[in-house]
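Participant: Next comes the structure file coords.cif, holding mmCIF, C-alpha atoms and all ligand atoms.
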```cif
data_my_file
loop_
_atom_site.label_atom_id
_atom_site.label_comp_id
_atom_site.auth_asym_id
_atom_site.auth_seq_id
_atom_site.Cartn_x
_atom_site.Cartn_y
_atom_site.Cartn_z
CA MET D 1138 0.70 119.54 27.45
CA MET D 1139 -0.76 120.14 30.92
CA ASN D 1140 -4.54 119.87 31.00
CA GLN D 1141 -5.04 123.57 31.79
CA GLN D 1142 -3.02 124.52 28.71
CA LEU D 1143 -5.06 122.08 26.66
CA VAL D 1144 -8.28 123.63 27.95
CA GLU D 1145 -7.08 127.12 27.06
CA GLU D 1146 -5.90 126.07 23.61
CA LEU D 1147 -9.24 124.37 22.91
CA GLU D 1148 -11.21 127.37 24.16
CA LYS D 1149 -9.33 129.54 21.67
CA THR D 1150 -9.85 127.04 18.86
CA ILE D 1151 -13.48 125.89 19.17
CA GLU D 1152 -15.85 128.39 17.58
CA ASN D 1153 -19.22 129.30 19.06
CA ILE D 1154 -21.87 129.84 16.40
CA PRO D 1155 -25.02 131.45 17.85
CA ASN D 1156 -28.45 130.35 16.58
CA PHE D 1157 -27.25 127.34 14.56
CA PRO D 1158 -28.91 125.10 13.49
CA LYS D 1159 -31.89 126.69 15.30
CA GLU D 1160 -32.66 129.94 17.12
CA GLY D 1161 -31.33 129.79 20.68
CA ILE D 1162 -28.71 127.06 20.11
CA GLN D 1163 -25.05 127.95 20.79
CA PHE D 1164 -23.33 125.60 18.35
CA LYS D 1165 -19.78 124.53 19.24
CA ASP D 1166 -17.80 124.02 16.05
CA ILE D 1167 -14.89 121.64 16.66
CA THR D 1168 -13.65 121.54 13.05
CA PRO D 1169 -10.77 124.05 13.61
CA ILE D 1170 -9.14 121.42 15.87
CA PHE D 1171 -8.34 119.39 12.77
CA LEU D 1172 -6.33 122.26 11.29
CA ASN D 1173 -3.87 121.80 14.15
CA PRO D 1174 -2.40 118.27 14.26
CA GLN D 1175 -0.49 118.86 17.50
CA LEU D 1176 -3.67 120.01 19.25
CA TYR D 1177 -5.52 116.95 17.92
CA LYS D 1178 -2.76 114.69 19.29
CA ASP D 1179 -2.95 116.43 22.68
CA VAL D 1180 -6.72 115.86 22.79
CA ILE D 1181 -6.27 112.16 22.01
CA HIS D 1182 -3.53 111.90 24.63
CA ASP D 1183 -5.86 113.35 27.28
CA LEU D 1184 -8.83 111.17 26.35
CA ALA D 1185 -6.70 108.00 26.07
CA ALA D 1186 -5.12 108.66 29.49
CA PHE D 1187 -8.59 108.75 31.09
CA SER D 1188 -9.44 105.30 29.74
CA ARG D 1189 -6.08 103.48 29.87
CA ASP D 1190 -6.42 99.99 31.51
CA LYS D 1191 -10.08 100.70 32.35
CA ILE D 1192 -11.89 99.51 29.23
CA ASP D 1193 -11.92 96.66 26.72
CA VAL D 1194 -13.76 98.39 23.85
CA VAL D 1195 -14.50 101.92 22.61
CA CYS D 1196 -17.97 102.61 21.18
CA GLY D 1197 -18.05 105.84 19.17
CA ILE D 1198 -21.20 107.67 18.11
CA GLU D 1199 -21.73 108.86 14.51
CA SER D 1200 -20.43 111.10 13.25
CA ARG D 1201 -18.34 113.42 15.35
CA GLY D 1202 -17.76 110.69 17.92
CA TYR D 1203 -15.69 108.84 15.30
CA LEU D 1204 -13.25 111.72 14.88
CA PHE D 1205 -11.70 111.07 18.29
CA GLY D 1206 -13.12 107.63 19.22
CA ILE D 1207 -11.10 105.65 16.67
CA ALA D 1208 -7.90 107.39 17.69
CA ILE D 1209 -8.57 106.66 21.39
CA ALA D 1210 -9.09 102.97 20.57
CA VAL D 1211 -5.88 102.79 18.51
CA ALA D 1212 -3.91 104.59 21.25
CA LEU D 1213 -5.16 102.05 23.81
CA ASP D 1214 -4.89 99.05 21.48
CA VAL D 1215 -8.53 98.05 21.97
CA PRO D 1216 -11.33 97.42 19.44
CA PHE D 1217 -13.61 100.18 18.17
CA ILE D 1218 -17.33 99.64 17.50
CA LEU D 1219 -19.39 102.07 15.46
CA ILE D 1220 -22.75 103.26 16.73
CA ARG D 1221 -24.48 104.56 13.61
CA LYS D 1222 -27.48 106.71 12.76
CA GLN D 1223 -30.56 104.77 11.67
CA GLY D 1224 -30.55 103.01 8.30
CA LYS D 1225 -26.79 102.72 7.70
CA LEU D 1226 -25.87 99.34 9.16
CA PRO D 1227 -26.64 95.97 7.59
CA PRO D 1228 -28.41 93.42 9.84
CA PRO D 1229 -28.14 92.07 12.43
CA PHE D 1230 -28.37 95.19 14.59
CA LEU D 1231 -30.23 96.67 17.57
CA GLY D 1232 -31.78 100.15 17.51
CA GLN D 1233 -32.64 102.79 20.10
CA LYS D 1234 -34.68 105.98 19.62
CA TYR D 1235 -33.73 109.21 21.42
CA ASP D 1236 -34.39 112.98 21.54
CA LEU D 1237 -31.78 115.62 20.62
CA GLU D 1238 -31.18 119.22 21.72
CA TYR D 1239 -32.65 119.87 18.28
CA GLY D 1240 -34.93 117.12 16.87
CA SER D 1241 -35.09 113.35 17.42
CA ALA D 1242 -33.24 110.40 15.95
CA GLU D 1243 -32.41 106.70 16.25
CA ILE D 1244 -29.05 105.00 16.57
CA GLU D 1245 -28.10 101.44 15.79
CA MET D 1246 -25.33 99.05 16.70
CA ARG D 1247 -24.29 95.84 15.00
CA THR D 1248 -24.92 92.80 17.23
CA GLY D 1249 -22.20 90.20 17.72
CA GLN D 1250 -19.31 92.68 17.87
CA LEU D 1251 -19.51 93.51 21.58
CA LYS D 1252 -18.91 90.52 23.85
CA PRO D 1253 -20.95 90.15 27.08
CA GLY D 1254 -18.99 91.40 30.08
CA GLN D 1255 -16.69 93.70 28.11
CA ARG D 1256 -16.03 97.09 29.74
CA VAL D 1257 -17.05 99.85 27.37
CA LEU D 1258 -16.03 103.47 26.91
CA ILE D 1259 -18.79 105.39 25.16
CA HIS D 1260 -17.22 108.35 23.45
CA ASP D 1261 -18.76 111.36 21.71
CA ASP D 1262 -17.48 114.84 20.89
CA LEU D 1263 -20.14 116.66 22.89
CA LEU D 1264 -22.64 116.02 25.69
CA ALA D 1265 -25.74 118.21 25.45
CA THR D 1266 -29.02 116.76 26.78
CA GLY D 1267 -27.41 113.32 27.07
CA GLY D 1268 -30.09 111.72 24.89
CA THR D 1269 -27.63 110.35 22.33
CA THR D 1270 -25.21 109.00 24.92
CA GLU D 1271 -28.01 107.48 26.99
CA ALA D 1272 -29.32 105.68 23.90
CA ALA D 1273 -25.80 104.38 23.18
CA ALA D 1274 -25.44 103.12 26.76
CA LEU D 1275 -28.79 101.34 26.53
CA LEU D 1276 -27.61 99.59 23.34
CA VAL D 1277 -24.43 98.47 25.10
CA GLU D 1278 -26.36 97.16 28.13
CA LYS D 1279 -28.88 95.32 25.97
CA GLN D 1280 -25.95 93.29 24.64
CA GLY D 1281 -24.50 92.49 28.06
CA GLY D 1282 -21.72 95.07 27.86
CA VAL D 1283 -20.64 96.99 30.98
CA VAL D 1284 -20.86 100.76 30.55
CA SER D 1285 -17.68 101.70 32.44
CA GLN D 1286 -16.86 105.18 31.14
CA PHE D 1287 -18.18 108.10 29.13
CA SER D 1288 -15.86 110.67 27.57
CA PHE D 1289 -16.45 113.90 25.67
CA LEU D 1290 -14.45 116.86 24.46
CA ILE D 1291 -17.22 119.19 25.56
CA ALA D 1292 -20.09 119.02 28.05
CA LEU D 1293 -22.80 121.70 28.00
CA LYS D 1294 -23.60 122.01 31.71
CA ASP D 1295 -26.93 123.82 31.45
CA LEU D 1296 -28.50 120.89 29.64
CA ALA D 1297 -27.86 118.48 32.53
CA GLY D 1298 -26.68 115.60 30.36
CA GLU D 1299 -24.52 114.28 33.16
CA GLU D 1300 -27.58 113.88 35.41
CA ARG D 1301 -29.10 111.64 32.79
CA LEU D 1302 -26.01 109.41 32.72
CA LYS D 1303 -25.84 108.90 36.51
CA LYS D 1304 -27.95 105.76 36.39
CA PHE D 1305 -25.17 103.91 34.53
CA ASN D 1306 -22.71 104.33 37.45
CA ALA D 1307 -19.90 105.01 35.01
CA GLU D 1308 -16.96 107.42 35.19
CA VAL D 1309 -17.47 110.60 33.17
CA HIS D 1310 -14.73 112.78 31.70
CA GLN D 1311 -14.87 115.93 29.61
CA ILE D 1312 -12.02 118.25 28.68
CA LEU D 1313 -14.18 121.39 28.45
CA SER D 1314 -17.42 122.46 30.11
CA TYR D 1315 -19.54 125.37 28.93
O1 LIG V 1 -26.46 115.10 24.26
P1 LIG V 1 -27.39 115.23 23.09
O2 LIG V 1 -28.48 116.24 23.31
O3 LIG V 1 -27.94 113.92 22.65
O4 LIG V 1 -26.56 115.86 21.87
C1 LIG V 1 -25.25 115.51 21.56
C2 LIG V 1 -25.13 114.89 20.20
O5 LIG V 1 -25.50 115.83 19.18
C3 LIG V 1 -24.44 115.94 18.22
O6 LIG V 1 -24.56 115.05 17.19
P2 LIG V 1 -25.54 115.22 15.94
O7 LIG V 1 -26.74 114.37 16.16
O8 LIG V 1 -25.74 116.67 15.65
O9 LIG V 1 -24.74 114.48 14.78
P3 LIG V 1 -23.27 114.58 14.11
O10 LIG V 1 -22.26 114.10 15.12
O11 LIG V 1 -23.36 113.64 12.97
O12 LIG V 1 -23.00 116.00 13.69
C4 LIG V 1 -23.19 115.60 19.02
O13 LIG V 1 -22.13 115.16 18.18
C5 LIG V 1 -23.68 114.49 19.92
O14 LIG V 1 -23.68 113.23 19.27
N1 LIG V 2 -24.72 123.12 21.03
C1 LIG V 2 -24.17 122.16 20.27
N2 LIG V 2 -23.04 122.40 19.56
C2 LIG V 2 -22.49 121.44 18.79
N3 LIG V 2 -23.00 120.22 18.66
C3 LIG V 2 -24.12 119.94 19.34
N4 LIG V 2 -24.85 118.81 19.43
C4 LIG V 2 -25.89 119.05 20.26
N5 LIG V 2 -25.86 120.29 20.73
C5 LIG V 2 -24.75 120.88 20.16
#
```
Translate this structure into structure tokens?

Facilitator:
Amino acid sequence: MMNQQLVEELEKTIENIPNFPKEGIQFKDITPIFLNPQLYKDVIHDLAAFSRDKIDVVCGIESRGYLFGIAIAVALDVPFILIRKQGKLPPPFLGQKYDLEYGSAEIEMRTGQLKPGQRVLIHDDLLATGGTTEAAALLVEKQGGVVSQFSFLIALKDLAGEERLKKFNAEVHQILSY
């Protein structure tokens, strides 16, 4: 599928839910994508093409970042490392606090899985303020990984997440911008 067709198909499929989970938030619900296996495969094809031959490892962010991140890693035949919400991983791990579009949180990453010098794709379903992705990139850098790429299905432009990622000097790709 050409990218423009993919964009149109996704725009028809992703639902906008106003005022969820808080007043003023336009929530993008990606779950209808999983009702359409061909569309899911087309999304993975697009995201994998962006990263082919450019990365050694995919780091995916809990939980919606796993839905596509694992499939990207399998398509590219590279390892996948889970970045989890606080309190889920056994030691040893490193943690990083961050702020969300709604609320604040902490993510953690197992140490010893990422090897120093490896080129990393950080993948998540959606870029909003960039707080989550920035925290993930800091965890990768703390372990000597090279943040080479970020990819998302969706970027919310008004929240300027991409500005926040500029300091990592990595390539950024999103299929849809709102
Ligand atoms: O750019 P930011 O402002 O940091 O926001 C984006 C993050 O928020 C959402 O995750 P959420 O924390 O809602 O968790 P979930 O994936 O488990 O639903 C989304 O999946 C991203 O991870
Ligand atoms: N507006 C939004 N829609 C869906 N997921 C989100 N995560 C952070 N902001 C979001």

Participant: When distances are computed from all atoms listed in the file, which of D:Ile1154, D:Val1215, D:Ala1307, D:Leu1226 shows the smallest separation from ligand LIG 2 (chain V)?

Facilitator: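 Smallest distance to ligand LIG 2 (chain V) is found for D:Ile1154.
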
Participant: Identify, counting all atoms listed in the file, the protein, DNA and RNA residues located within 10 Å of ligand LIG 2 (chain V), and give them as a PyMOL selection string.

Facilitator: chain D and resi 1152-1159+1161-1167+1201+1237-1240+1261-1269+1291-1293+1296+1315

Participant: Can you write out the residues you just picked, keeping C-alpha atoms, as a CSV table (one decimal), in the coordinates of the input?

Facilitator:
```csv
chain,number,residue,atom,x,y,z
D,1152,GLU,CA,-15.8,128.4,17.6
D,1153,ASN,CA,-19.2,129.3,19.1
D,1154,ILE,CA,-21.9,129.8,16.4
D,1155,PRO,CA,-25.0,131.4,17.8
D,1156,ASN,CA,-28.4,130.4,16.6
D,1157,PHE,CA,-27.2,127.3,14.6
D,1158,PRO,CA,-28.9,125.1,13.5
D,1159,LYS,CA,-31.9,126.7,15.3
D,1161,GLY,CA,-31.3,129.8,20.7
D,1162,ILE,CA,-28.7,127.1,20.1
D,1163,GLN,CA,-25.0,128.0,20.8
D,1164,PHE,CA,-23.3,125.6,18.4
D,1165,LYS,CA,-19.8,124.5,19.2
D,1166,ASP,CA,-17.8,124.0,16.0
D,1167,ILE,CA,-14.9,121.6,16.7
D,1201,ARG,CA,-18.3,113.4,15.4
D,1237,LEU,CA,-31.8,115.6,20.6
D,1238,GLU,CA,-31.2,119.2,21.7
D,1239,TYR,CA,-32.6,119.9,18.3
D,1240,GLY,CA,-34.9,117.1,16.9
D,1261,ASP,CA,-18.8,111.4,21.7
D,1262,ASP,CA,-17.5,114.8,20.9
D,1263,LEU,CA,-20.1,116.7,22.9
D,1264,LEU,CA,-22.6,116.0,25.7
D,1265,ALA,CA,-25.7,118.2,25.4
D,1266,THR,CA,-29.0,116.8,26.8
D,1267,GLY,CA,-27.4,113.3,27.1
D,1268,GLY,CA,-30.1,111.7,24.9
D,1269,THR,CA,-27.6,110.4,22.3
D,1291,ILE,CA,-17.2,119.2,25.6
D,1292,ALA,CA,-20.1,119.0,28.0
D,1293,LEU,CA,-22.8,121.7,28.0
D,1296,LEU,CA,-28.5,120.9,29.6
D,1315,TYR,CA,-19.5,125.4,28.9
```

Participant: Looking at D:Ala1272, D:Val1309, D:Met1138, D:Ile1218, which one is nearest to Val1195 of chain D, with distances taken over all atoms listed in the file?

Facilitator: D:Ile1218

Participant: If we count only C-alpha atoms, what is near Val1194 of chain D at a cut-off of 12 Å, once residues fewer than 4 positions away on the same chain are taken out, given as JSON, numbers by chain?

Facilitator: {"D": [1188, 1189, 1190, 1206, 1207, 1209, 1210, 1211, 1212, 1213, 1214, 1215, 1216, 1217, 1218, 1219, 1250, 1251, 1252, 1253, 1254, 1255, 1256, 1257, 1258, 1259, 1260, 1277, 1282, 1283, 1284, 1285, 1286, 1287]}

Participant: Taking into account all atoms listed in the file, which residue in the set D:Thr1270, D:Gln1141, D:Gln1311, D:Asn1173 is nearest to ligand LIG 1 (chain V)?

Facilitator: D:Thr1270

Participant: By how many Å are atom CA of Leu1172 of chain D and atom CA of Ile1312 of chain D apart?

Facilitator: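 Computed distance, atom CA of Leu1172 of chain D to atom CA of Ile1312 of chain D, equals 18.7 Å.
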
Participant: With all atoms listed in the file as the counted atoms, please give the residues lying no more than 10 Å from Ile1244 of chain D, apart from itself and same-chain residues fewer than 4 positions off, as a count of residues only.

Facilitator: 18

Participant: To one decimal place, how far is atom CA of Ser1200 of chain D from atom CA of Asp1236 of chain D in Å?

Facilitator: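 Taking atom CA of Ser1200 of chain D as the start and atom CA of Asp1236 of chain D as the end point, the length is 16.3 Å.
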
Participant: Can you measure atom CA of His1310 of chain D to atom CA of Leu1290 of chain D for me? One decimal in Å is fine.

Facilitator: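 Atom CA of His1310 of chain D sits 8.3 Å away from atom CA of Leu1290 of chain D.
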
Participant: Just checking: using all atoms listed in the file, which residue out of D:Tyr1177, D:Tyr1203, D:Phe1171, D:Phe1305 ends up closest to ligand LIG 1 (chain V)?

Facilitator: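 Result for the nearest residue to ligand LIG 1 (chain V): D:Tyr1203.
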
Participant: Would you mind telling me which residue in D:Thr1168, D:Glu1278, D:Pro1174, D:Leu1184 lies nearest to ligand LIG 1 (chain V) when using only C-alpha atoms and all ligand atoms?

Facilitator: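 Result for the nearest residue to ligand LIG 1 (chain V): D:Thr1168.
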
Participant: Using all atoms listed in the file, which of the listed residues (D:Ala1242, D:Leu1275, D:Leu1176, D:Ile1151) sits closest to ligand LIG 1 (chain V)?

Facilitator: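 Result for the nearest residue to ligand LIG 1 (chain V): D:Ala1242.
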
Participant: What are the centre and edge lengths in Å, to one decimal, of the axis-aligned box around all listed atoms of segment 1258-1262 of chain D with 6 Å added on each side, as AutoDock Vina command-line options?

Facilitator:
```
--center_x -17.4 --center_y 109.2 --center_z 23.9 --size_x 14.8 --size_y 23.4 --size_z 18.0
```
